[in-house]
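Peer 1: Input structure: input_35.txt, which contains compact mmCIF, C-alpha atoms.
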```txt
# COMPACT_ATOMS: atom_id res chain seq x y z
CA MET A 25 114.64 106.90 161.27
CA ARG A 26 110.98 106.77 160.26
CA LYS A 27 111.57 109.65 157.86
CA ILE A 28 114.42 107.75 156.23
CA VAL A 29 112.32 104.56 155.89
CA ALA A 30 109.39 106.55 154.50
CA GLY A 31 111.73 108.21 152.04
CA VAL A 32 113.11 104.85 150.89
CA ILE A 33 109.57 103.48 150.47
CA ILE A 34 108.60 106.51 148.39
CA VAL A 35 111.69 106.13 146.18
CA ILE A 36 111.11 102.37 145.70
CA GLY A 37 107.43 102.95 145.04
CA GLY A 38 108.27 105.60 142.47
CA ALA A 39 110.78 103.29 140.78
CA VAL A 40 108.20 100.48 140.62
CA LEU A 41 105.62 102.80 139.09
CA MET A 42 108.13 104.06 136.58
CA SER A 43 109.10 100.49 135.73
CA CYS A 44 105.46 99.55 135.18
CA GLY A 45 105.02 102.61 133.01
CA GLU A 46 108.08 101.67 130.96
CA ASN A 47 106.83 98.09 130.55
CA LYS A 48 103.49 99.34 129.29
CA ALA A 49 105.20 101.75 126.92
CA ASN A 50 107.51 99.02 125.69
CA SER A 51 104.56 96.69 125.21
CA SER A 52 102.68 99.40 123.34
CA ASP A 53 105.73 100.18 121.21
CA ALA A 54 106.19 96.50 120.39
CA ALA A 55 102.56 96.18 119.31
CA PHE A 56 102.82 99.32 117.23
CA THR A 57 106.05 98.15 115.64
CA LYS A 58 104.52 94.77 114.67
CA ALA A 59 101.41 96.37 113.18
CA ASP A 60 103.53 98.93 111.38
CA SER A 61 105.86 96.24 110.02
CA LEU A 62 102.93 94.10 108.81
CA THR A 63 101.35 97.09 107.11
CA ASP A 64 104.61 97.82 105.32
CA ARG A 65 104.83 94.22 104.11
CA TYR A 66 101.17 94.27 103.08
CA LEU A 67 101.72 97.39 100.99
CA ALA A 68 104.88 95.89 99.48
CA PHE A 69 102.88 92.82 98.42
CA GLN A 70 100.23 95.07 96.87
CA ASP A 71 102.92 96.90 94.89
CA SER A 72 104.51 93.64 93.73
CA MET A 73 101.20 92.22 92.56
CA LEU A 74 100.33 95.42 90.70
CA GLN A 75 103.74 95.57 89.04
CA SER A 76 103.59 91.91 87.99
CA TRP A 77 100.06 92.36 86.66
CA ASN A 78 100.95 95.52 84.71
CA VAL A 79 104.02 93.92 83.12
CA MET A 80 101.86 91.01 81.95
CA ILE A 81 99.03 93.19 80.62
CA ASN A 82 101.40 95.65 78.92
CA ASP A 83 103.09 92.78 77.12
CA ASP A 84 99.70 91.47 76.03
CA ASN A 85 98.77 94.94 74.79
CA GLN A 86 102.00 95.04 72.80
CA LYS A 87 101.15 91.69 71.24
CA ILE A 88 97.74 92.98 70.18
CA LYS A 89 99.36 96.13 68.79
CA SER A 90 101.75 93.98 66.74
CA MET A 91 98.77 92.02 65.43
CA HIS A 92 97.09 95.27 64.36
CA ASN A 93 100.32 96.37 62.67
CA LEU A 94 100.52 93.02 60.91
CA LEU A 95 97.02 93.45 59.50
CA HIS A 96 97.84 97.00 58.42
CA GLU A 97 100.95 95.77 56.60
CA LEU A 98 98.92 93.06 54.87
CA LEU A 99 96.39 95.67 53.70
CA VAL A 100 99.23 97.71 52.23
CA ILE A 101 100.91 94.93 50.28
CA THR A 102 97.93 92.93 49.05
CA THR A 103 94.50 93.49 47.54
CA ASP A 104 93.34 89.98 48.47
CA ASP A 105 91.34 89.07 51.56
CA ARG A 106 90.54 92.67 52.49
CA ASP A 107 87.17 91.67 53.90
CA GLN A 108 88.79 88.96 55.98
CA ILE A 109 91.43 91.39 57.24
CA THR A 110 88.67 93.80 58.27
CA LYS A 111 86.99 90.99 60.21
CA TYR A 112 90.26 90.22 61.94
CA GLU A 113 90.54 93.86 62.98
CA GLU A 114 87.09 93.68 64.52
CA GLN A 115 88.01 90.49 66.37
CA LEU A 116 91.15 92.14 67.72
CA ASP A 117 89.12 95.07 69.03
CA GLN A 118 86.76 92.63 70.69
CA LEU A 119 89.68 90.69 72.18
CA THR A 120 90.67 93.61 74.38
CA ARG A 121 87.12 93.87 75.71
CA LEU A 122 87.05 90.13 76.43
CA ARG A 123 90.19 90.21 78.54
CA TYR A 124 89.98 89.13 82.16
CA THR A 125 90.60 91.37 85.16
CA GLN A 126 91.99 90.48 88.58
CA LYS A 127 88.40 89.99 89.74
CA SER A 128 86.81 88.37 86.70
CA MET A 129 89.58 85.76 86.43
CA GLY A 130 87.96 84.10 89.42
CA ASN A 131 85.66 82.64 86.77
CA ALA A 132 87.74 80.11 84.83
CA ASP A 133 85.45 80.45 81.81
CA VAL A 134 86.45 84.11 81.39
CA VAL A 135 90.16 83.24 81.13
CA GLU A 136 89.49 80.24 78.90
CA GLU A 137 87.33 82.28 76.53
CA TYR A 138 90.00 84.95 76.22
CA ASP A 139 92.78 82.41 75.72
CA PHE A 140 90.83 80.58 73.03
CA ALA A 141 90.08 83.81 71.14
CA SER A 142 93.67 85.05 71.49
CA THR A 143 95.30 81.76 70.48
CA THR A 144 93.00 81.39 67.49
CA LEU A 145 93.77 84.89 66.24
CA VAL A 146 97.51 84.49 66.72
CA ARG A 147 97.53 81.23 64.80
CA GLU A 148 95.36 82.53 61.95
CA LEU A 149 97.21 85.84 61.53
CA ILE A 150 100.62 84.19 61.50
CA SER A 151 99.38 81.67 58.95
CA LEU A 152 97.89 84.46 56.83
CA ALA A 153 101.15 86.42 56.90
CA GLU A 154 103.41 83.46 56.16
CA THR A 155 101.32 82.37 53.17
CA THR A 156 101.25 85.87 51.69
CA ALA A 157 103.22 86.26 48.46
CA GLY A 158 106.57 87.91 49.11
CA PHE A 159 106.64 87.07 52.85
CA SER A 160 110.17 85.65 52.59
CA LYS A 161 111.43 89.04 51.36
CA ASN A 162 109.30 91.27 53.60
CA THR A 163 111.37 91.91 56.73
CA THR A 164 108.59 94.01 58.29
CA LEU A 165 106.12 91.14 58.16
CA GLN A 166 108.73 88.69 59.38
CA LYS A 167 109.57 90.83 62.40
CA LEU A 168 105.90 91.33 63.28
CA VAL A 169 105.27 87.59 63.07
CA GLU A 170 108.28 86.92 65.31
CA ASP A 171 107.17 89.59 67.82
CA ILE A 172 103.69 88.09 68.01
CA ARG A 173 104.98 84.55 68.37
CA LEU A 174 107.45 85.45 71.14
CA ALA A 175 104.86 87.49 73.04
CA ASP A 176 102.43 84.59 72.87
CA GLU A 177 105.10 82.28 74.27
CA ARG A 178 105.71 84.66 77.20
CA VAL A 179 102.10 84.58 78.41
CA ASN A 180 102.49 81.56 80.69
CA ASN A 181 105.76 82.85 82.12
CA TYR A 182 104.14 86.13 83.15
CA ARG A 183 101.18 84.29 84.64
CA GLU A 184 103.48 82.07 86.67
CA ASP A 185 105.32 85.15 87.95
CA TYR A 186 102.02 86.74 88.95
CA ASP A 187 100.76 83.56 90.63
CA LEU A 188 103.96 83.29 92.67
CA VAL A 189 103.49 86.77 94.12
CA VAL A 190 99.79 86.14 94.78
CA MET A 191 100.46 82.85 96.56
CA GLN A 192 102.93 84.60 98.87
CA TYR A 193 100.42 87.39 99.46
CA ASN A 194 97.57 84.97 100.21
CA GLU A 195 99.74 83.06 102.69
CA PHE A 196 100.82 86.30 104.37
CA LEU A 197 97.19 87.43 104.58
CA GLU A 198 96.06 84.16 106.11
CA GLU A 199 98.74 84.30 108.79
CA ASN A 200 98.31 87.97 109.70
CA LYS A 201 94.74 88.97 108.87
CA SER A 202 93.78 89.54 112.50
CA TYR A 203 96.58 92.11 112.86
CA LEU A 204 95.83 93.74 109.52
CA VAL A 205 92.10 94.26 110.09
CA GLU A 206 92.67 97.21 112.40
CA ALA A 207 95.47 98.74 110.36
CA ASN A 208 93.75 98.46 106.96
CA ARG A 209 90.09 99.15 107.62
CA ASN A 210 89.43 100.43 104.11
CA ASP A 211 90.81 97.32 102.38
CA SER A 212 88.83 94.14 101.83
CA LEU A 213 91.80 91.95 102.83
CA GLU A 214 90.56 89.20 100.53
CA LYS A 215 92.75 86.60 98.91
CA LYS A 216 93.49 87.07 95.23
CA TYR A 217 92.67 84.68 92.41
CA LEU A 218 95.35 82.62 90.73
CA PHE A 219 95.64 81.67 87.10
CA GLN A 220 96.06 78.09 88.21
CA MET A 221 92.66 78.48 89.83
CA VAL A 222 93.64 77.57 93.38
CA SER A 223 90.74 77.99 95.79
CA VAL A 224 90.76 81.31 97.67
CA GLU A 225 88.16 80.61 100.29
```
What do you get writing this file as structure tokens?

Peer 2:
Amino acid sequence: MRKIVAGVIIVIGGAVLMSCGENKANSSDAAFTKADSLTDRYLAFQDSMLQSWNVMINDDNQKIKSMHNLLHELLVITTDDRDQITKYEEQLDQLTRLRYTQKSMGNADVVEEYDFASTTLVRELISLAETTAGFSKNTTLQKLVEDIRLADERVNNYREDYDLVVMQYNEFLEENKSYLVEANRNDSLEKKYLFQMVSVE
């Protein structure tokens, strides 16, 4: 009888130990799954921000390219204002160097300086093209002017798209930073700047 009781105790004891082991494993798996899921979402946010940023910058680059092409076309069809056109080319080259980055846009002055320079050039180049003799018959100039104007109008839309992704990322980071610290030790895990200049303390 004692042997039977001892056997039952051993079996129950073994089952309890196994149950505890399974609970620990399940707990560990759950923690791993949460960290893994958060890391996946974090990386997805990073990809979305990069894609949104690149679309915006590529469109801006295309606008600047169209402005260069416009100046080239003006040089071809007119002998007037060549010195002024050369100065515009220099300003365009400088514009690219003035452009903000994801870090420098934390300084509102950097974005404002770029926007002022860009808007001024767009306005002056379009005016120069439209007042050039023969503009009404030059389809190349007309298309370049339209391309530049439309690209300039898209700027705010692209910035709003970028800000939307960044706001979601910043909120996600704030809610889950403690979990992400261990999983992303090489990343700064800092909030990103917005074009609308929301504080990112």

Peer 1: Which one of A:Ser142, A:Gln220, A:Ser160, A:Gln115 sits closest to A:Asp84 if you count all atoms listed in the file?

Peer 2: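 Closest residue, counting all atoms listed in the file: A:Ser142.
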
Peer 1: Work out how far apart atom CA of A:Asp176 and atom CA of A:Asn78 are and give it in Å to one decimal.

Peer 2: 16.2 Å

Peer 1: Find the residues around stretch 172-175 of chain A up to 9 Å (all atoms listed in the file counted), leave out those fewer than 4 positions away in its own chain, and share them as number ranges by chain.

Peer 2: A: 83-84, 86-88, 90-91, 146-147, 150, 167-168, 179

Peer 1: Quick one: residues within 12 Å of A:Leu218, only C-alpha atoms counted, chain neighbours fewer than 2 positions away excluded, as a PyMOL selection string?

Peer 2: chain A and resi 73+77+125-132+135+183-194+215-216+220-224

Peer 1: Just the number, please: distance in Å from atom CA of A:Glu199 to atom CA of A:Ser76, one decimal.

Peer 2: 22.7 Å

Peer 1: Identify which of the residues A:Thr163, A:Thr102, A:Tyr112, A:Gln75 lies closest to A:Thr144, counting all atoms listed in the file when measuring atom-to-atom distances.

Peer 2: A:Tyr112

Peer 1: List as a ChimeraX atom specification the residues having at least one atom at most 12 Å from position (99.0, 85.3, 52.6) as given in the file, counting all atoms listed in the file.

Peer 2: /A:94-95,97-99,101-106,108-109,148-160,162,165

Peer 1: From the list A:Leu119, A:Tyr124, A:Lys161, A:Lys111, which residue is nearest A:Ala141 when using only C-alpha atoms?

Peer 2: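 When distances to A:Ala141 are compared using only C-alpha atoms, the smallest one comes from A:Leu119.
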
Peer 1: Could you tell me which of A:Ser61, A:Leu145, A:Glu214, A:Asn85 comes closest to A:Arg123 if we count only C-alpha atoms?

Peer 2: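 Using only C-alpha atoms, A:Arg123 sits closest to A:Asn85.
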
Peer 1: Just how far from atom CA of A:Glu198 is atom CA of A:Asn181, in Å to one decimal?

Peer 2: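 Straight-line distance from atom CA of A:Asn181 to atom CA of A:Glu198 works out to 25.9 Å.
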